[in-house]
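**Q** Enclosed is the structure file query17.txt (compact mmCIF, C-alpha atoms).
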# COMPACT_ATOMS: atom_id res chain seq x y z
CA PRO A 7 0.00 0.00 0.00
CA ASP A 8 2.85 2.48 0.71
CA GLY A 9 4.74 1.60 -2.47
CA VAL A 10 7.33 -0.66 -0.82
CA ARG A 11 8.61 -3.38 -3.17
CA LEU A 12 8.91 -6.84 -1.65
CA ARG A 13 11.38 -9.39 -2.95
CA GLY A 14 9.67 -12.43 -4.44
CA ASP A 15 12.74 -14.46 -5.40
CA ILE A 16 14.27 -17.08 -3.09
CA ASN A 17 18.03 -17.09 -2.43
CA VAL A 18 19.63 -20.44 -1.52
CA LEU A 19 23.12 -21.27 -0.19
CA LEU A 20 24.59 -24.80 -0.34
CA LEU A 21 27.53 -25.11 2.03
CA GLY A 22 29.47 -28.31 2.61
CA ASP A 23 32.00 -30.93 1.73
CA PRO A 24 33.65 -31.26 -1.70
CA SER A 25 32.34 -34.00 -4.01
CA THR A 26 28.71 -33.72 -2.87
CA ALA A 27 27.35 -32.68 -6.31
CA LYS A 28 26.83 -28.99 -5.42
CA SER A 29 28.25 -27.76 -8.75
CA GLN A 30 26.29 -30.44 -10.60
CA PHE A 31 23.09 -29.20 -8.95
CA LEU A 32 23.91 -25.62 -10.01
CA LYS A 33 24.46 -26.80 -13.61
CA PHE A 34 21.10 -28.63 -13.54
CA VAL A 35 19.32 -25.47 -12.32
CA GLU A 36 21.04 -23.47 -15.08
CA LYS A 37 19.60 -25.89 -17.68
CA THR A 38 16.13 -26.01 -16.08
CA ALA A 39 15.46 -22.37 -15.17
CA PRO A 40 13.78 -20.27 -17.91
CA VAL A 41 16.52 -17.61 -17.53
CA ALA A 42 19.84 -18.55 -15.89
CA VAL A 43 23.45 -17.36 -15.71
CA TYR A 44 26.25 -19.54 -14.29
CA THR A 45 29.40 -18.00 -12.86
CA SER A 46 32.27 -19.01 -10.58
CA GLY A 47 33.19 -16.98 -7.50
CA LYS A 48 36.94 -16.83 -8.09
CA GLY A 49 36.54 -15.58 -11.65
CA SER A 50 33.83 -13.01 -10.81
CA SER A 51 34.52 -9.39 -9.88
CA ALA A 52 32.06 -6.82 -8.51
CA ALA A 53 31.71 -5.23 -11.96
CA GLY A 54 31.25 -8.63 -13.64
CA LEU A 55 28.38 -9.48 -11.28
CA THR A 56 26.65 -6.08 -11.21
CA ALA A 57 27.47 -3.63 -14.05
CA SER A 58 30.49 -1.91 -15.53
CA VAL A 59 31.01 1.42 -17.30
CA ILE A 60 32.91 1.08 -20.59
CA ARG A 61 34.21 3.79 -22.93
CA ASP A 62 33.29 3.37 -26.60
CA GLY A 63 36.40 3.10 -28.81
CA SER A 64 35.16 5.28 -31.68
CA SER A 65 32.84 7.89 -30.06
CA ARG A 66 34.83 8.01 -26.75
CA GLU A 67 31.51 8.11 -24.84
CA PHE A 68 30.75 6.00 -21.76
CA TYR A 69 28.08 3.32 -21.78
CA LEU A 70 26.82 0.70 -19.31
CA GLU A 71 27.30 -3.02 -19.70
CA GLY A 72 25.24 -5.30 -17.43
CA GLY A 73 26.86 -8.09 -15.42
CA ALA A 74 25.57 -11.55 -14.43
CA MET A 75 22.96 -10.23 -11.94
CA VAL A 76 21.46 -7.90 -14.59
CA LEU A 77 21.55 -10.49 -17.40
CA ALA A 78 19.73 -12.99 -15.14
CA ASP A 79 16.85 -10.53 -14.47
CA GLY A 80 13.68 -12.63 -14.09
CA GLY A 81 15.63 -15.85 -13.56
CA VAL A 82 18.42 -17.42 -11.51
CA VAL A 83 22.10 -16.57 -11.13
CA CYS A 84 24.19 -19.58 -10.04
CA ILE A 85 27.44 -18.66 -8.23
CA ASP A 86 29.81 -21.56 -7.66
CA GLU A 87 32.79 -21.31 -5.23
CA PHE A 88 30.98 -18.48 -3.40
CA ASP A 89 33.47 -18.60 -0.50
CA LYS A 90 36.42 -17.95 -2.86
CA MET A 91 35.09 -14.49 -3.83
CA ARG A 92 36.88 -11.44 -2.49
CA VAL A 93 34.94 -9.76 0.35
CA GLU A 94 34.57 -6.46 -1.55
CA ASP A 95 33.09 -8.31 -4.56
CA ARG A 96 30.65 -10.17 -2.29
CA VAL A 97 29.53 -6.88 -0.72
CA ALA A 98 28.66 -5.55 -4.21
CA ILE A 99 25.73 -8.01 -4.52
CA HIS A 100 24.11 -7.08 -1.16
CA GLU A 101 21.75 -4.56 -2.79
CA ALA A 102 20.92 -6.92 -5.66
CA MET A 103 20.05 -9.75 -3.24
CA GLU A 104 17.61 -7.74 -1.10
CA GLN A 105 16.36 -4.65 -3.00
CA GLN A 106 16.71 -6.41 -6.38
CA THR A 107 18.22 -3.33 -7.99
CA ILE A 108 21.77 -2.26 -8.81
CA SER A 109 22.58 1.45 -8.34
CA ILE A 110 25.35 2.82 -10.54
CA ALA A 111 27.10 6.19 -10.12
CA LYS A 112 30.22 6.07 -12.31
CA ALA A 113 31.79 8.35 -14.96
CA GLY A 114 28.84 10.76 -14.95
CA ILE A 115 26.29 7.94 -15.36
CA THR A 116 23.78 7.68 -12.50
CA THR A 117 21.10 5.04 -12.92
CA VAL A 118 19.32 2.08 -11.29
CA LEU A 119 19.22 -1.31 -13.05
CA ASN A 120 16.78 -4.12 -12.25
CA SER A 121 18.17 -7.45 -11.05
CA ARG A 122 15.02 -9.37 -10.04
CA THR A 123 16.89 -12.61 -9.75
CA SER A 124 17.25 -15.56 -7.36
CA VAL A 125 20.79 -16.33 -6.17
CA LEU A 126 21.80 -19.98 -5.88
CA ALA A 127 25.28 -20.15 -4.35
CA ALA A 128 27.57 -23.08 -3.49
CA ALA A 129 30.46 -22.79 -1.02
CA ASN A 130 32.95 -24.87 0.97
CA PRO A 131 33.77 -24.31 4.67
CA PRO A 132 37.12 -22.53 5.38
CA SER A 133 38.89 -25.78 6.24
CA GLY A 134 37.66 -27.47 3.04
CA ARG A 135 35.44 -30.02 4.80
CA TYR A 136 32.60 -29.42 7.26
CA ASP A 137 34.02 -30.10 10.73
CA ASP A 138 31.47 -31.21 13.36
CA LEU A 139 34.04 -30.49 16.07
CA LYS A 140 33.94 -26.77 15.26
CA THR A 141 31.19 -24.26 16.04
CA ALA A 142 28.75 -23.11 13.36
CA GLN A 143 30.52 -19.71 13.27
CA ASP A 144 33.85 -21.38 12.40
CA ASN A 145 32.31 -23.60 9.70
CA ILE A 146 30.16 -20.90 8.06
CA ASP A 147 32.84 -18.28 7.50
CA LEU A 148 30.60 -15.70 5.82
CA GLN A 149 29.45 -12.29 7.10
CA THR A 150 26.11 -12.02 8.91
CA THR A 151 25.02 -9.36 6.42
CA ILE A 152 25.19 -11.81 3.49
CA LEU A 153 23.89 -14.83 5.44
CA SER A 154 20.69 -12.99 6.44
CA ARG A 155 19.94 -12.44 2.73
CA PHE A 156 19.78 -16.19 2.04
CA ASP A 157 16.32 -17.69 2.61
CA LEU A 158 17.58 -21.28 2.83
CA ILE A 159 21.05 -22.41 3.95
CA PHE A 160 21.70 -26.12 3.45
CA ILE A 161 24.64 -27.91 5.09
CA VAL A 162 25.71 -30.67 2.67
CA LYS A 163 27.81 -33.38 4.35
CA ASP A 164 29.58 -36.34 2.80
CA ILE A 165 28.31 -39.01 5.23
CA ARG A 166 29.74 -42.50 4.80
CA MET A 167 26.75 -44.84 4.50
CA TYR A 168 27.22 -48.27 2.90
CA ASN A 169 23.86 -48.48 1.05
CA GLN A 170 23.96 -44.86 -0.13
CA ASP A 171 27.58 -45.17 -1.31
CA LYS A 172 26.67 -48.33 -3.21
CA LEU A 173 23.77 -46.56 -5.00
CA ILE A 174 25.95 -43.55 -5.90
CA ALA A 175 28.77 -45.79 -7.18
CA SER A 176 26.28 -47.83 -9.25
CA HIS A 177 24.78 -44.64 -10.75
CA ILE A 178 28.20 -43.15 -11.67
CA ILE A 179 29.32 -46.41 -13.32
CA LYS A 180 26.07 -46.51 -15.36
CA VAL A 181 26.55 -42.87 -16.42
CA HIS A 182 30.08 -43.61 -17.69
CA ALA A 183 29.01 -46.87 -19.35
CA SER A 184 26.15 -45.27 -21.30
CA ALA A 185 27.82 -41.91 -22.04
CA VAL A 186 27.62 -42.17 -25.86
CA ALA A 187 23.97 -43.23 -25.93
CA ALA A 188 23.04 -40.57 -23.36
CA SER A 189 24.65 -37.75 -25.37
CA LYS A 190 22.41 -38.54 -28.38
CA GLU A 191 19.32 -38.65 -26.15
CA THR A 192 20.25 -35.30 -24.53
CA LEU A 193 20.25 -33.54 -27.90
CA ALA A 194 16.70 -34.78 -28.52
CA SER A 195 15.39 -34.07 -25.02
CA ASP A 196 16.78 -30.49 -24.70
CA GLY A 197 14.00 -29.14 -26.88
CA ASP A 198 11.38 -31.05 -24.89
CA ASN A 199 12.25 -29.99 -21.31
CA TRP A 200 8.81 -30.31 -19.66
CA LEU A 201 10.10 -29.22 -16.23
CA LYS A 202 11.40 -25.94 -17.67
CA ARG A 203 8.04 -25.31 -19.38
CA TYR A 204 6.08 -26.17 -16.21
CA ILE A 205 8.16 -23.78 -14.05
CA GLU A 206 7.64 -21.01 -16.61
CA TYR A 207 3.87 -21.68 -16.70
CA CYS A 208 3.62 -21.63 -12.86
CA ARG A 209 5.50 -18.33 -12.65
CA VAL A 210 3.35 -16.62 -15.25
CA SER A 211 -0.15 -17.96 -14.52
CA CYS A 212 -0.28 -18.24 -10.70
CA GLN A 213 -0.01 -15.43 -8.11
CA PRO A 214 -1.10 -16.93 -4.75
CA LYS A 215 -2.02 -14.92 -1.63
CA LEU A 216 -1.69 -15.93 2.03
CA SER A 217 -4.90 -17.10 3.73
CA ASP A 218 -5.83 -15.68 7.18
CA SER A 219 -5.12 -18.97 8.99
CA ALA A 220 -1.72 -19.24 7.26
CA ALA A 221 -0.84 -15.65 8.21
CA THR A 222 -1.71 -16.28 11.90
CA MET A 223 0.31 -19.51 11.90
CA LEU A 224 3.32 -17.73 10.37
CA GLN A 225 3.20 -14.95 12.96
CA GLU A 226 3.07 -17.36 15.91
CA ASN A 227 5.88 -19.56 14.59
CA TYR A 228 8.16 -16.60 13.81
CA VAL A 229 7.73 -15.20 17.34
CA ASN A 230 8.43 -18.66 18.85
CA ILE A 231 11.61 -19.15 16.76
CA ARG A 232 12.89 -15.68 17.80
CA GLU A 233 12.17 -16.46 21.47
CA ARG A 234 14.00 -19.81 21.27
CA MET A 235 17.04 -18.15 19.68
CA ARG A 236 17.00 -15.45 22.39
CA VAL A 237 16.94 -18.10 25.16
CA GLN A 238 19.75 -20.05 23.45
CA ALA A 239 21.88 -16.90 23.12
CA HIS A 240 21.26 -16.12 26.82
CA GLU A 241 22.27 -19.68 27.88
CA THR A 242 25.44 -19.89 25.77
CA GLY A 243 26.46 -16.24 25.87
CA GLU A 244 26.95 -16.32 22.08
CA SER A 245 24.74 -15.08 19.27
CA ALA A 246 23.65 -17.58 16.61
CA ALA A 247 25.90 -18.05 13.57
CA ILE A 248 22.89 -17.35 11.34
CA PRO A 249 20.67 -14.50 12.60
CA ILE A 250 16.89 -14.95 12.66
CA THR A 251 15.45 -11.59 11.57
CA VAL A 252 12.42 -10.19 9.76
CA ARG A 253 14.13 -11.30 6.54
CA GLN A 254 13.67 -14.92 7.65
CA LEU A 255 9.93 -14.29 8.20
CA GLU A 256 9.73 -12.93 4.65
CA ALA A 257 11.67 -16.01 3.50
CA ILE A 258 9.05 -18.37 5.02
CA ILE A 259 6.27 -16.31 3.36
CA ARG A 260 8.05 -16.60 -0.01
CA LEU A 261 8.49 -20.36 0.47
CA SER A 262 4.78 -20.79 1.33
CA GLU A 263 3.73 -18.86 -1.76
CA SER A 264 6.20 -20.81 -3.95
CA LEU A 265 4.79 -24.14 -2.71
CA ALA A 266 1.27 -22.91 -3.51
CA LYS A 267 2.50 -21.80 -6.96
CA MET A 268 3.97 -25.25 -7.63
CA SER A 269 0.56 -26.85 -7.03
CA LEU A 270 -1.13 -24.05 -9.09
CA SER A 271 -3.16 -22.96 -6.04
CA MET A 272 -4.35 -19.35 -5.82
CA GLU A 273 -4.15 -19.37 -2.00
CA ALA A 274 -1.25 -20.28 0.30
CA THR A 275 -2.87 -22.37 3.05
CA ALA A 276 -1.73 -23.60 6.48
CA GLU A 277 -0.45 -26.84 4.82
CA HIS A 278 1.88 -24.81 2.60
CA VAL A 279 3.11 -22.84 5.65
CA THR A 280 3.75 -26.11 7.56
CA GLU A 281 5.89 -27.45 4.71
CA ALA A 282 7.71 -24.09 4.37
CA LEU A 283 8.49 -24.13 8.11
CA ARG A 284 9.75 -27.72 7.83
CA LEU A 285 12.05 -26.71 4.95
CA PHE A 286 13.29 -23.70 6.92
CA LYS A 287 13.98 -25.83 10.02
CA VAL A 288 15.89 -28.60 8.19
CA SER A 289 18.00 -26.02 6.33
CA THR A 290 18.68 -22.67 8.01
CA MET A 291 17.73 -23.60 11.60
CA ASP A 292 19.77 -26.84 11.49
CA ALA A 293 22.71 -24.92 10.01
CA ALA A 294 22.52 -22.38 12.87
CA LYS A 295 22.58 -25.20 15.45
CA SER A 296 25.16 -27.37 13.66
CA GLY A 297 28.64 -28.16 14.92
CA ILE A 298 29.70 -28.39 18.53
CA ASN A 299 26.87 -26.14 19.74
CA GLN A 300 24.64 -29.23 19.67
CA GLN A 301 26.45 -30.35 22.83
CA ILE A 302 25.46 -27.37 25.00
CA HIS A 303 23.07 -29.25 27.29
CA VAL A 304 25.22 -31.60 29.35
CA SER A 305 23.86 -33.68 32.26
CA PRO A 306 25.65 -33.42 35.67
CA GLU A 307 26.95 -37.05 35.33
CA LEU A 308 28.38 -36.32 31.90
CA ARG A 309 29.95 -33.07 33.12
CA SER A 310 31.75 -34.88 35.96
CA GLU A 311 33.07 -37.50 33.47
CA ILE A 312 34.36 -34.71 31.20
CA GLN A 313 36.06 -33.04 34.18
CA GLN A 314 37.73 -36.36 35.12
CA ALA A 315 38.97 -36.74 31.52
CA GLU A 316 40.34 -33.16 31.62
CA ALA A 317 42.21 -33.97 34.87
CA GLN A 318 43.75 -37.08 33.26
CA ILE A 319 44.79 -35.08 30.15
CA ARG A 320 46.50 -32.46 32.37
CA ARG A 321 48.25 -35.24 34.31
CA ARG A 322 49.36 -36.91 31.07
CA MET A 323 50.51 -33.69 29.35
CA GLY A 324 52.89 -31.18 30.87
CA ILE A 325 52.71 -27.51 29.90
CA GLY A 326 54.41 -27.00 26.55
CA SER A 327 54.36 -30.71 25.62
CA HIS A 328 53.05 -32.26 22.36
CA ILE A 329 51.24 -35.54 21.80
CA SER A 330 49.36 -37.24 18.97
CA GLU A 331 45.60 -36.98 19.48
CA ARG A 332 45.14 -40.66 18.52
CA ARG A 333 47.80 -41.79 21.01
CA LEU A 334 46.29 -39.72 23.85
CA ILE A 335 42.79 -41.10 23.19
CA ASP A 336 44.12 -44.68 23.05
CA GLU A 337 46.00 -44.27 26.33
CA LEU A 338 42.95 -42.85 28.14
CA ALA A 339 40.74 -45.55 26.56
CA ARG A 340 43.01 -48.19 28.14
CA MET A 341 42.26 -46.52 31.47
CA GLY A 342 38.54 -47.15 30.82
CA MET A 343 37.51 -43.75 29.44
CA ASN A 344 35.05 -43.33 26.60
CA GLU A 345 36.52 -41.85 23.38
CA SER A 346 33.67 -39.35 22.93
CA ILE A 347 34.14 -38.11 26.54
CA VAL A 348 37.87 -37.57 25.90
CA ARG A 349 37.10 -35.68 22.67
CA ARG A 350 34.58 -33.46 24.47
CA ALA A 351 37.13 -32.77 27.22
CA LEU A 352 39.70 -31.79 24.56
CA LEU A 353 37.17 -29.49 22.89
CA ALA A 354 36.32 -27.83 26.22
CA MET A 355 40.03 -27.29 26.90
CA HIS A 356 40.51 -25.99 23.33
CA ALA A 357 37.63 -23.52 23.83
CA ARG A 358 39.36 -22.25 27.03
CA ASP A 359 42.65 -21.97 25.09
CA GLU A 360 44.38 -24.57 27.31
CA VAL A 361 45.35 -26.73 24.33
CA GLU A 362 45.76 -26.07 20.62
CA TYR A 363 45.66 -28.35 17.59
CA LYS A 364 48.52 -28.54 15.13
CA ARG A 365 49.21 -30.35 11.83
CA GLU A 366 45.57 -30.57 10.73
CA ARG A 367 44.28 -31.50 14.20
CA ARG A 368 46.57 -34.53 14.50
CA ILE A 369 48.90 -33.13 17.20
CA ILE A 370 47.79 -31.56 20.51
CA HIS A 371 49.93 -28.91 22.22
CA ARG A 372 49.33 -28.06 25.90
CA LYS A 373 49.55 -24.29 26.34
CA ALA A 374 48.65 -23.63 30.01
Show me the file's structure as structure tokens.

**A**
Amino acid sequence: PDGVRLRGDINVLLLGDPSTAKSQFLKFVEKTAPVAVYTSGKGSSAAGLTASVIRDGSSREFYLEGGAMVLADGGVVCIDEFDKMRVEDRVAIHEAMEQQTISIAKAGITTVLNSRTSVLAAANPPSGRYDDLKTAQDNIDLQTTILSRFDLIFIVKDIRMYNQDKLIASHIIKVHASAVAASKETLASDGDNWLKRYIEYCRVSCQPKLSDSAATMLQENYVNIRERMRVQAHETGESAAIPITVRQLEAIIRLSESLAKMSLSMEATAEHVTEALRLFKVSTMDAAKSGINQQIHVSPELRSEIQQAEAQIRRRMGIGSHISERRLIDELARMGMNESIVRRALLAMHARDEVEYKRERRIIHRKA
């Protein structure tokens, strides 16, 4: 009513281990989305993503050339290796991700370009692999300002599961075995991409609105999530790695409307809100709670066991000494201590800066 423009596009971040098909997923989205631009973080500058001012060779006049975010207007921009981007280049897309415009004031040209696009980004944690023994802040090494602009943040882990590994191996072998036949089929099927046509039809023909019951449900759930995060921050003394703000409420609204759009419904009902909340909880909320923060609530019995393990570690290691983590755990295990208790004790001591890890967490050094 007051002329404020609301973002309707959903931004998604995939963060996790290498070799979990993140780039493959981005390539699939590029093929399936009606309008899509694929770019890699390391090879993308601020000007290449937003817009650049170029001088014409013959007339010597300046003109604007749109970058990836402008070219993908009305579609999706896929950014691979998002963590490898320079910080100043990442900051350049803040406005495009929330206001969906790009403001330019260069070489006497002052204008605003539209970039009504969804951002699908893939990134690796700073240490390469997602480390469950680190906090969420250490694993998700991105600024709060950019994280709050992502509606869904998925942690993708390479979990070793026999049945799943067998299925993946079988699929990859089949893909390689039938590569020649598949390439001929792909040429024929590219023109008949029904999923691409269906997505385009849903976007054009369906504009759902939130029902009253869905709106009430959203309000109550948002307030409850904020309260839970406030209590958690009070208990731990640390703010969450991923902030829960009004942007996240808007994200759940967008997800609810998108789910209604997928089923070609003109109204987003309580069922759509329930599914949107489930998606939000298994992605962003789980990411915020991931890592060692899951072990905040410790029973008194467990705490005393951890303290005993700490005492044994101090007895075993003098100040300034080094020892292999595996050897220390084995020695304490022979004394009847549980491996997970010893690891927790080491983490507690690491958090207090009593010990530090060296050589990719293989060697422990006692500091004080």

**Q** Between A:Ala183, A:Ile99, A:Leu158, A:Val288, which one has atoms that come closest to Ala257 in chain A, using only C-alpha atoms?

**A**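 For Ala257 in chain A, the nearest of the given residues is A:Leu158.
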
**Q** Neighbours of Leu153 in chain A within 12 Å (all atoms listed in the file; same-chain residues fewer than 5 positions away dropped), as a PyMOL selection string?

**A** chain A and resi 17-21+88-89+96-97+100+103-104+127+143+146-148+158-160+246-251+253-254+290+293-294

**Q** For Leu12 in chain A, list every protein, DNA or RNA residue within 10 Å, evaluated using only C-alpha atoms, and leave out those in the same chain fewer than 5 positions away; present the list as a ChimeraX atom specification.

**A** /A:104-106,256,260

**Q** Hey, which of A:Val237, A:Val35, A:Ala42, A:Ala220 ends up closest to Thr275 in chain A? Count all atoms listed in the file.

**A**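 Selected residue with least distance to Thr275 in chain A: A:Ala220.
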
**Q** Separation of CA of Arg322 in chain A and CA of Leu334 in chain A, in Å?

**A**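 So the answer is 8.3 Å.
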
**Q** Please identify all polymer residues within 12 Å of Arg358 in chain A, counting all atoms listed in the file, omitting same-chain residues fewer than 4 positions from it, and present them as a list in words.

**A** Glu316, Ala351, Leu352, Leu353, Ala354, Glu362, Arg372, Lys373 and Ala374 of chain A

**Q** Which is closest to Ile174 in chain A among A:Thr107, A:Ser346, A:Thr116, A:Ser25, if we use all atoms listed in the file?

**A** A:Ser25

**Q** Just give me the gap between CA of Glu36 in chain A and CA of Asp23 in chain A in Å, one decimal is fine.

**A**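 CA of Asp23 in chain A lies at a distance of 21.4 Å from CA of Glu36 in chain A.
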
**Q** Which residues are close to range 72-85 of chain A, i.e. within 8 Å by all atoms listed in the file, leaving aside same-chain residues fewer than 6 positions away? Reply as a list in words.

**A**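 Here the qualifying residues turn out to be Leu32, Val35, Glu36, Ala39, Pro40, Val41, Ala42, Val43, Tyr44, Thr45, Ser46, Gly47, Ala53, Gly54, Leu55, Thr56, Ala57, Ser58, Ala102, Leu119, Asn120, Ser121, Arg122, Thr123, Ser124, Val125, Leu126, Ala127 and Ala128 of chain A.
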
**Q** Grab the residues selected above and save them as an mmCIF file, keeping the file's coordinate frame with C-alpha atoms.

**A**
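Result file follows (result.cif):
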data_model
loop_
_atom_site.group_PDB
_atom_site.id
_atom_site.type_symbol
_atom_site.label_atom_id
_atom_site.label_comp_id
_atom_site.auth_asym_id
_atom_site.auth_seq_id
_atom_site.Cartn_x
_atom_site.Cartn_y
_atom_site.Cartn_z
ATOM 1 C CA LEU A 32 23.910 -25.620 -10.010
ATOM 2 C CA VAL A 35 19.320 -25.470 -12.320
ATOM 3 C CA GLU A 36 21.040 -23.470 -15.080
ATOM 4 C CA ALA A 39 15.460 -22.370 -15.170
ATOM 5 C CA PRO A 40 13.780 -20.270 -17.910
ATOM 6 C CA VAL A 41 16.520 -17.610 -17.530
ATOM 7 C CA ALA A 42 19.840 -18.550 -15.890
ATOM 8 C CA VAL A 43 23.450 -17.360 -15.710
ATOM 9 C CA TYR A 44 26.250 -19.540 -14.290
ATOM 10 C CA THR A 45 29.400 -18.000 -12.860
ATOM 11 C CA SER A 46 32.270 -19.010 -10.580
ATOM 12 C CA GLY A 47 33.190 -16.980 -7.500
ATOM 13 C CA ALA A 53 31.710 -5.230 -11.960
ATOM 14 C CA GLY A 54 31.250 -8.630 -13.640
ATOM 15 C CA LEU A 55 28.380 -9.480 -11.280
ATOM 16 C CA THR A 56 26.650 -6.080 -11.210
ATOM 17 C CA ALA A 57 27.470 -3.630 -14.050
ATOM 18 C CA SER A 58 30.490 -1.910 -15.530
ATOM 19 C CA ALA A 102 20.920 -6.920 -5.660
ATOM 20 C CA LEU A 119 19.220 -1.310 -13.050
ATOM 21 C CA ASN A 120 16.780 -4.120 -12.250
ATOM 22 C CA SER A 121 18.170 -7.450 -11.050
ATOM 23 C CA ARG A 122 15.020 -9.370 -10.040
ATOM 24 C CA THR A 123 16.890 -12.610 -9.750
ATOM 25 C CA SER A 124 17.250 -15.560 -7.360
ATOM 26 C CA VAL A 125 20.790 -16.330 -6.170
ATOM 27 C CA LEU A 126 21.800 -19.980 -5.880
ATOM 28 C CA ALA A 127 25.280 -20.150 -4.350
ATOM 29 C CA ALA A 128 27.570 -23.080 -3.490
#

**Q** Which is closer to Gly342 in chain A than all the others in A:Ile108, A:Ile178, A:Ala315, A:Ala276, using only C-alpha atoms?

**A**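 When distances to Gly342 in chain A are compared using only C-alpha atoms, the smallest one comes from A:Ala315.
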
**Q** With a distance cut-off of 8 Å and all atoms listed in the file, select the neighbouring residues of Ser327 in chain A, excluding the residue or stretch itself and same-chain residues fewer than 3 positions from it, and output the selection as a PyMOL selection string.

**A** chain A and resi 323-324+371-372

**Q** Write the selection just made, keeping C-alpha atoms, as a JSON list (two decimals), in the coordinates of the input?

**A**
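File produced: selection.json:
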[["chain", "number", "residue", "atom", "x", "y", "z"],
["A", 323, "MET", "CA", 50.51, -33.69, 29.35],
["A", 324, "GLY", "CA", 52.89, -31.18, 30.87],
["A", 371, "HIS", "CA", 49.93, -28.91, 22.22],
["A", 372, "ARG", "CA", 49.33, -28.06, 25.90]]

**Q** Taking all atoms listed in the file into account, name the residue in A:Lys172, A:Glu345, A:Leu338, A:Arg332 that is nearest to Ile369 in chain A.

**A**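 When distances to Ile369 in chain A are compared using all atoms listed in the file, the smallest one comes from A:Arg332.
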
**Q** Could you check how far CA of Met291 in chain A sits from CA of Pro214 in chain A, in Å to one decimal?

**A**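 Atom-to-atom, CA of Met291 in chain A and CA of Pro214 in chain A are spaced 25.8 Å apart.
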